[in-house]
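Worksheet: one structure, shown below.
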Amino acid sequence: AREVAEHNLTHCPYRSWCEICVETRGREDAHRRDREFVPDEAGLPEIGMDYDYYGDAEDAARRVTALITKDKNTGMLFGGVCESKGPGDSWIVNKCLKDIELLGRQNVCLKTDGEPALVAVQSKIVGSREGTTQPRNPPAYNPESNGVIEKGVQDSNAQLRTIKRALELHIGETIDVSHPV
């Protein structure tokens with residue numbers, strides 16, 4: 001009972017015995033391989049970054065922007081809501097710096113999809129770190145070239161759907177959003 005109660009606080013990680021997890025993120029049991037250190041071409045651990053959007057796709061005033069980061073080797077996922085895209089939001093830049101520090105990595109490859117606002121944030125992070133931070137930027141707006149963080153964005157959205165559904169069941173009402181998360 002204690003394990004169920006603790007799980008119901010966040011619904012993280014996914015549990016096949018949890019009706020809400022299965023409803024919102026149902027999937028077969030993972031066929032995981034042992035995780036090994038997988039360096040990028042330069043031998044550095046890779047951290048991916050991308051923006052995600054929640055809320056009304058048509059109405060910018062009702063849309064929230066978040067910056068999601070994911071460590072390729074551990075699968076650790078971080079995210080934070082942005083005031084604006086680009087390096088003008090110093091809080092999100094500092095949060096990314098702290099997230100990289102939490103990973104315990106002195107030297108990293110920081111990969112984006114090449115979107116100009118994201119590259120500007122990446123540059124600010126590169127200039128603010130003491131260790132080696134090698135930027136990697138495939139062509140702009142090319143999600144296929146940044147699969148690790150694309151999966152991270154999907155995982156972030158799945159977790160938000162799960163928490164939303166758990167809240168709906170708890171309060172006994174449907175939460176209306178103009179654009180599904």
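Residue numbering restarts at 1 in every chain; chains get A, B, ... in the order shown in the structure tokens, and ligands count up from 1 in that same order.
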
For A:Gln134, work out the shell of residues within 12 Å, counting only C-alpha atoms and skipping chain neighbours fewer than 5 positions away, then give it as a PDB file with all heavy atoms, in the first residue's frame.
ATOM      1  N   ASP A  40      29.806  10.443 -28.112  1.00  0.00           N
ATOM      2  CA  ASP A  40      29.601  10.979 -29.452  1.00  0.00           C
ATOM      3  C   ASP A  40      30.897  10.764 -30.239  1.00  0.00           C
ATOM      4  O   ASP A  40      31.814  10.099 -29.760  1.00  0.00           O
ATOM      5  CB  ASP A  40      29.205  12.464 -29.385  1.00  0.00           C
ATOM      6  CG  ASP A  40      30.382  13.374 -29.067  1.00  0.00           C
ATOM      7  OD1 ASP A  40      31.329  12.927 -28.368  1.00  0.00           O
ATOM      8  OD2 ASP A  40      30.364  14.519 -29.515  1.00  0.00           O
ATOM      9  N   GLU A  41      30.969  11.324 -31.430  1.00  0.00           N
ATOM     10  CA  GLU A  41      32.148  11.117 -32.278  1.00  0.00           C
ATOM     11  C   GLU A  41      33.436  11.607 -31.628  1.00  0.00           C
ATOM     12  O   GLU A  41      34.515  11.101 -31.904  1.00  0.00           O
ATOM     13  CB  GLU A  41      31.971  11.817 -33.637  1.00  0.00           C
ATOM     14  CG  GLU A  41      30.858  11.238 -34.487  1.00  0.00           C
ATOM     15  CD  GLU A  41      29.504  11.884 -34.213  1.00  0.00           C
ATOM     16  OE1 GLU A  41      29.442  13.057 -33.816  1.00  0.00           O
ATOM     17  OE2 GLU A  41      28.496  11.182 -34.384  1.00  0.00           O
ATOM     18  N   ALA A  42      33.351  12.602 -30.758  1.00  0.00           N
ATOM     19  CA  ALA A  42      34.542  13.152 -30.114  1.00  0.00           C
ATOM     20  C   ALA A  42      34.849  12.442 -28.798  1.00  0.00           C
ATOM     21  O   ALA A  42      35.768  12.820 -28.088  1.00  0.00           O
ATOM     22  CB  ALA A  42      34.359  14.651 -29.865  1.00  0.00           C
ATOM     23  N   GLY A  43      34.059  11.424 -28.443  1.00  0.00           N
ATOM     24  CA  GLY A  43      34.297  10.690 -27.209  1.00  0.00           C
ATOM     25  C   GLY A  43      33.666  11.314 -25.979  1.00  0.00           C
ATOM     26  O   GLY A  43      33.999  10.948 -24.862  1.00  0.00           O
ATOM     27  N   LEU A  44      32.766  12.269 -26.179  1.00  0.00           N
ATOM     28  CA  LEU A  44      32.120  12.951 -25.058  1.00  0.00           C
ATOM     29  C   LEU A  44      30.701  12.423 -24.825  1.00  0.00           C
ATOM     30  O   LEU A  44      30.019  12.059 -25.784  1.00  0.00           O
ATOM     31  CB  LEU A  44      32.032  14.461 -25.336  1.00  0.00           C
ATOM     32  CG  LEU A  44      33.350  15.194 -25.487  1.00  0.00           C
ATOM     33  CD1 LEU A  44      33.112  16.619 -25.967  1.00  0.00           C
ATOM     34  CD2 LEU A  44      34.109  15.196 -24.172  1.00  0.00           C
ATOM     35  N   PRO A  45      30.249  12.407 -23.577  1.00  0.00           N
ATOM     36  CA  PRO A  45      28.851  12.049 -23.328  1.00  0.00           C
ATOM     37  C   PRO A  45      27.935  13.126 -23.912  1.00  0.00           C
ATOM     38  O   PRO A  45      28.229  14.316 -23.830  1.00  0.00           O
ATOM     39  CB  PRO A  45      28.740  11.978 -21.811  1.00  0.00           C
ATOM     40  CG  PRO A  45      29.943  12.654 -21.273  1.00  0.00           C
ATOM     41  CD  PRO A  45      30.981  12.677 -22.355  1.00  0.00           C
ATOM     42  N   GLU A  46      26.819  12.691 -24.510  1.00  0.00           N
ATOM     43  CA  GLU A  46      25.933  13.612 -25.232  1.00  0.00           C
ATOM     44  C   GLU A  46      24.705  13.982 -24.409  1.00  0.00           C
ATOM     45  O   GLU A  46      24.062  13.121 -23.820  1.00  0.00           O
ATOM     46  CB  GLU A  46      25.493  12.946 -26.533  1.00  0.00           C
ATOM     47  CG  GLU A  46      24.621  13.826 -27.401  1.00  0.00           C
ATOM     48  CD  GLU A  46      24.238  13.104 -28.672  1.00  0.00           C
ATOM     49  OE1 GLU A  46      25.131  12.822 -29.495  1.00  0.00           O
ATOM     50  OE2 GLU A  46      23.043  12.810 -28.824  1.00  0.00           O
ATOM     51  N   ILE A  47      24.405  15.266 -24.408  1.00  0.00           N
ATOM     52  CA  ILE A  47      23.186  15.786 -23.790  1.00  0.00           C
ATOM     53  C   ILE A  47      22.421  16.513 -24.889  1.00  0.00           C
ATOM     54  O   ILE A  47      22.965  17.386 -25.561  1.00  0.00           O
ATOM     55  CB  ILE A  47      23.502  16.746 -22.633  1.00  0.00           C
ATOM     56  CG1 ILE A  47      24.278  16.002 -21.541  1.00  0.00           C
ATOM     57  CG2 ILE A  47      22.223  17.356 -22.076  1.00  0.00           C
ATOM     58  CD1 ILE A  47      24.814  16.898 -20.454  1.00  0.00           C
ATOM     59  N   GLY A  48      21.163  16.134 -25.084  1.00  0.00           N
ATOM     60  CA  GLY A  48      20.331  16.765 -26.104  1.00  0.00           C
ATOM     61  C   GLY A  48      19.433  17.825 -25.498  1.00  0.00           C
ATOM     62  O   GLY A  48      19.038  17.739 -24.333  1.00  0.00           O
ATOM     63  N   GLN A 106      32.014  16.680 -16.342  1.00  0.00           N
ATOM     64  CA  GLN A 106      32.892  17.823 -16.550  1.00  0.00           C
ATOM     65  C   GLN A 106      32.903  18.209 -18.025  1.00  0.00           C
ATOM     66  O   GLN A 106      32.831  19.374 -18.370  1.00  0.00           O
ATOM     67  CB  GLN A 106      34.309  17.474 -16.073  1.00  0.00           C
ATOM     68  CG  GLN A 106      35.304  18.601 -16.190  1.00  0.00           C
ATOM     69  CD  GLN A 106      35.026  19.754 -15.243  1.00  0.00           C
ATOM     70  OE1 GLN A 106      34.301  19.630 -14.280  1.00  0.00           O
ATOM     71  NE2 GLN A 106      35.610  20.901 -15.547  1.00  0.00           N
ATOM     72  N   ASN A 107      32.975  17.201 -18.905  1.00  0.00           N
ATOM     73  CA  ASN A 107      33.066  17.431 -20.341  1.00  0.00           C
ATOM     74  C   ASN A 107      31.883  16.771 -21.034  1.00  0.00           C
ATOM     75  O   ASN A 107      31.607  15.589 -20.795  1.00  0.00           O
ATOM     76  CB  ASN A 107      34.379  16.860 -20.884  1.00  0.00           C
ATOM     77  CG  ASN A 107      35.577  17.448 -20.164  1.00  0.00           C
ATOM     78  OD1 ASN A 107      35.662  18.651 -19.953  1.00  0.00           O
ATOM     79  ND2 ASN A 107      36.491  16.602 -19.769  1.00  0.00           N
ATOM     80  N   VAL A 108      31.192  17.530 -21.886  1.00  0.00           N
ATOM     81  CA  VAL A 108      29.997  17.013 -22.556  1.00  0.00           C
ATOM     82  C   VAL A 108      29.892  17.543 -23.981  1.00  0.00           C
ATOM     83  O   VAL A 108      30.505  18.545 -24.338  1.00  0.00           O
ATOM     84  CB  VAL A 108      28.693  17.406 -21.807  1.00  0.00           C
ATOM     85  CG1 VAL A 108      28.653  16.801 -20.422  1.00  0.00           C
ATOM     86  CG2 VAL A 108      28.493  18.902 -21.769  1.00  0.00           C
ATOM     87  N   CYS A 109      29.086  16.845 -24.766  1.00  0.00           N
ATOM     88  CA  CYS A 109      28.649  17.332 -26.068  1.00  0.00           C
ATOM     89  C   CYS A 109      27.209  17.785 -25.875  1.00  0.00           C
ATOM     90  O   CYS A 109      26.376  17.026 -25.383  1.00  0.00           O
ATOM     91  CB  CYS A 109      28.729  16.212 -27.091  1.00  0.00           C
ATOM     92  SG  CYS A 109      27.913  16.615 -28.652  1.00  0.00           S
ATOM     93  N   LEU A 110      26.894  19.014 -26.226  1.00  0.00           N
ATOM     94  CA  LEU A 110      25.554  19.566 -26.065  1.00  0.00           C
ATOM     95  C   LEU A 110      24.929  19.697 -27.453  1.00  0.00           C
ATOM     96  O   LEU A 110      25.353  20.512 -28.260  1.00  0.00           O
ATOM     97  CB  LEU A 110      25.631  20.920 -25.371  1.00  0.00           C
ATOM     98  CG  LEU A 110      24.360  21.513 -24.815  1.00  0.00           C
ATOM     99  CD1 LEU A 110      23.675  20.561 -23.837  1.00  0.00           C
ATOM    100  CD2 LEU A 110      24.655  22.831 -24.128  1.00  0.00           C
ATOM    101  N   LYS A 111      23.916  18.871 -27.722  1.00  0.00           N
ATOM    102  CA  LYS A 111      23.347  18.765 -29.064  1.00  0.00           C
ATOM    103  C   LYS A 111      21.959  19.384 -29.122  1.00  0.00           C
ATOM    104  O   LYS A 111      21.132  19.163 -28.238  1.00  0.00           O
ATOM    105  CB  LYS A 111      23.273  17.290 -29.462  1.00  0.00           C
ATOM    106  CG  LYS A 111      22.888  17.045 -30.890  1.00  0.00           C
ATOM    107  CD  LYS A 111      23.009  15.567 -31.214  1.00  0.00           C
ATOM    108  CE  LYS A 111      22.669  15.285 -32.655  1.00  0.00           C
ATOM    109  NZ  LYS A 111      22.772  13.858 -32.952  1.00  0.00           N
ATOM    110  N   THR A 112      21.704  20.154 -30.178  1.00  0.00           N
ATOM    111  CA  THR A 112      20.391  20.737 -30.426  1.00  0.00           C
ATOM    112  C   THR A 112      19.958  20.376 -31.842  1.00  0.00           C
ATOM    113  O   THR A 112      20.716  19.764 -32.590  1.00  0.00           O
ATOM    114  CB  THR A 112      20.408  22.275 -30.314  1.00  0.00           C
ATOM    115  OG1 THR A 112      21.052  22.808 -31.475  1.00  0.00           O
ATOM    116  CG2 THR A 112      21.115  22.753 -29.063  1.00  0.00           C
ATOM    117  N   GLN A 122      22.354  27.387 -26.192  1.00  0.00           N
ATOM    118  CA  GLN A 122      23.489  26.466 -26.166  1.00  0.00           C
ATOM    119  C   GLN A 122      24.804  27.253 -26.049  1.00  0.00           C
ATOM    120  O   GLN A 122      25.670  26.905 -25.248  1.00  0.00           O
ATOM    121  CB  GLN A 122      23.477  25.622 -27.434  1.00  0.00           C
ATOM    122  CG  GLN A 122      24.617  24.658 -27.582  1.00  0.00           C
ATOM    123  CD  GLN A 122      24.666  24.076 -28.989  1.00  0.00           C
ATOM    124  OE1 GLN A 122      24.594  24.836 -29.969  1.00  0.00           O
ATOM    125  NE2 GLN A 122      24.762  22.776 -29.086  1.00  0.00           N
ATOM    126  N   SER A 123      24.941  28.320 -26.818  1.00  0.00           N
ATOM    127  CA  SER A 123      26.162  29.142 -26.785  1.00  0.00           C
ATOM    128  C   SER A 123      26.375  29.766 -25.412  1.00  0.00           C
ATOM    129  O   SER A 123      27.499  29.835 -24.915  1.00  0.00           O
ATOM    130  CB  SER A 123      26.100  30.247 -27.839  1.00  0.00           C
ATOM    131  OG  SER A 123      26.092  29.685 -29.121  1.00  0.00           O
ATOM    132  N   ILE A 125      25.337  28.533 -22.575  1.00  0.00           N
ATOM    133  CA  ILE A 125      25.745  27.450 -21.679  1.00  0.00           C
ATOM    134  C   ILE A 125      27.214  27.102 -21.905  1.00  0.00           C
ATOM    135  O   ILE A 125      27.985  26.964 -20.955  1.00  0.00           O
ATOM    136  CB  ILE A 125      24.841  26.218 -21.867  1.00  0.00           C
ATOM    137  CG1 ILE A 125      23.422  26.531 -21.372  1.00  0.00           C
ATOM    138  CG2 ILE A 125      25.409  24.996 -21.151  1.00  0.00           C
ATOM    139  CD1 ILE A 125      22.381  25.501 -21.759  1.00  0.00           C
ATOM    140  N   VAL A 126      27.613  26.987 -23.174  1.00  0.00           N
ATOM    141  CA  VAL A 126      29.008  26.670 -23.510  1.00  0.00           C
ATOM    142  C   VAL A 126      29.935  27.711 -22.881  1.00  0.00           C
ATOM    143  O   VAL A 126      30.963  27.366 -22.287  1.00  0.00           O
ATOM    144  CB  VAL A 126      29.216  26.603 -25.039  1.00  0.00           C
ATOM    145  CG1 VAL A 126      30.695  26.572 -25.396  1.00  0.00           C
ATOM    146  CG2 VAL A 126      28.492  25.397 -25.620  1.00  0.00           C
ATOM    147  N   GLY A 127      29.566  28.977 -22.974  1.00  0.00           N
ATOM    148  CA  GLY A 127      30.398  30.051 -22.438  1.00  0.00           C
ATOM    149  C   GLY A 127      30.388  30.153 -20.926  1.00  0.00           C
ATOM    150  O   GLY A 127      31.248  30.802 -20.335  1.00  0.00           O
ATOM    151  N   ARG A 129      30.256  27.358 -18.778  1.00  0.00           N
ATOM    152  CA  ARG A 129      30.773  26.157 -18.120  1.00  0.00           C
ATOM    153  C   ARG A 129      32.290  26.165 -18.087  1.00  0.00           C
ATOM    154  O   ARG A 129      32.940  26.668 -18.991  1.00  0.00           O
ATOM    155  CB  ARG A 129      30.301  24.894 -18.852  1.00  0.00           C
ATOM    156  CG  ARG A 129      28.828  24.664 -18.705  1.00  0.00           C
ATOM    157  CD  ARG A 129      28.408  23.264 -19.083  1.00  0.00           C
ATOM    158  NE  ARG A 129      28.855  22.316 -18.054  1.00  0.00           N
ATOM    159  CZ  ARG A 129      29.655  21.290 -18.288  1.00  0.00           C
ATOM    160  NH1 ARG A 129      30.102  21.044 -19.491  1.00  0.00           N
ATOM    161  NH2 ARG A 129      30.009  20.481 -17.303  1.00  0.00           N
TER     162      ARG A 129
END

Nearby residues (only C-alpha atoms) at most 12 Å from stretch 155-161 of chain A, same-chain spacing under 6 positions excluded, as a tab-separated table (two decimals) with C-alpha atoms, in the first residue's frame:
chain	number	residue	atom	x	y	z
A	10	THR	CA	4.15	11.26	-9.47
A	11	HIS	CA	3.32	8.13	-11.47
A	12	CYS	CA	7.02	7.91	-12.16
A	13	PRO	CA	8.43	5.51	-13.14
A	14	TYR	CA	5.84	3.77	-15.31
A	20	ILE	CA	-3.43	5.49	-14.85
A	21	CYS	CA	0.05	4.68	-16.19
A	22	VAL	CA	-1.34	1.98	-18.45
A	23	GLU	CA	-4.16	4.26	-19.68
A	24	THR	CA	-1.88	7.18	-20.53
A	25	ARG	CA	1.39	5.49	-21.46
A	26	GLY	CA	0.55	1.81	-21.85
A	27	ARG	CA	3.32	-0.20	-23.40
A	50	ASP	CA	14.93	20.92	-27.48
A	51	TYR	CA	11.95	23.17	-26.93
A	52	ASP	CA	8.49	21.78	-26.29
A	53	TYR	CA	5.15	23.54	-26.24
A	54	TYR	CA	2.07	22.93	-24.11
A	55	GLY	CA	-1.39	24.43	-24.51
A	66	ALA	CA	9.55	24.50	-22.01
A	67	LEU	CA	13.18	23.56	-22.53
A	68	ILE	CA	13.78	19.82	-22.24
A	69	THR	CA	17.24	18.25	-21.84
A	70	LYS	CA	18.13	14.56	-21.84
A	75	GLY	CA	18.32	8.62	-19.86
A	76	MET	CA	17.93	11.37	-17.23
A	77	LEU	CA	15.36	13.91	-18.35
A	78	PHE	CA	15.19	17.52	-17.19
A	79	GLY	CA	12.78	20.28	-18.11
A	80	GLY	CA	11.81	23.80	-17.22
A	148	VAL	CA	17.59	11.17	-28.16
A	149	ILE	CA	15.93	14.44	-27.21
A	167	LEU	CA	-5.65	14.85	-11.28
A	168	GLU	CA	-8.88	14.45	-13.27
A	175	ILE	CA	-9.65	19.23	-17.40
A	177	VAL	CA	-7.35	21.96	-22.76
A	179	HIS	CA	-4.74	21.44	-27.48
A	180	PRO	CA	-3.96	18.03	-25.98
A	181	VAL	CA	-0.59	17.69	-24.30

Check the DSSP output for the backbone and give back, as a count of residues only, the residues of stretch 19-171 of chain A in strand (DSSP E). 33

DSSP on the backbone: which residues in chain A end up as alpha helix (DSSP H)? Give the answer as an MDAnalysis selection string. chainID A and resid 2:10 19:25 90:102 116:128 147:171

Do you know which residues are at most 7 Å from stretch 86-101 of chain A counting only C-alpha atoms, after dropping those on the same chain fewer than 4 positions away, and could you put them as number ranges by chain? A: 78, 80, 82, 105, 117-118, 120-121, 124-125

So which residues touch A:Pro139 within 10 Å, counting only C-alpha atoms, skipping near sequence neighbours fewer than 5 positions away, as a PyMOL selection string? chain A and resi 112-115+145
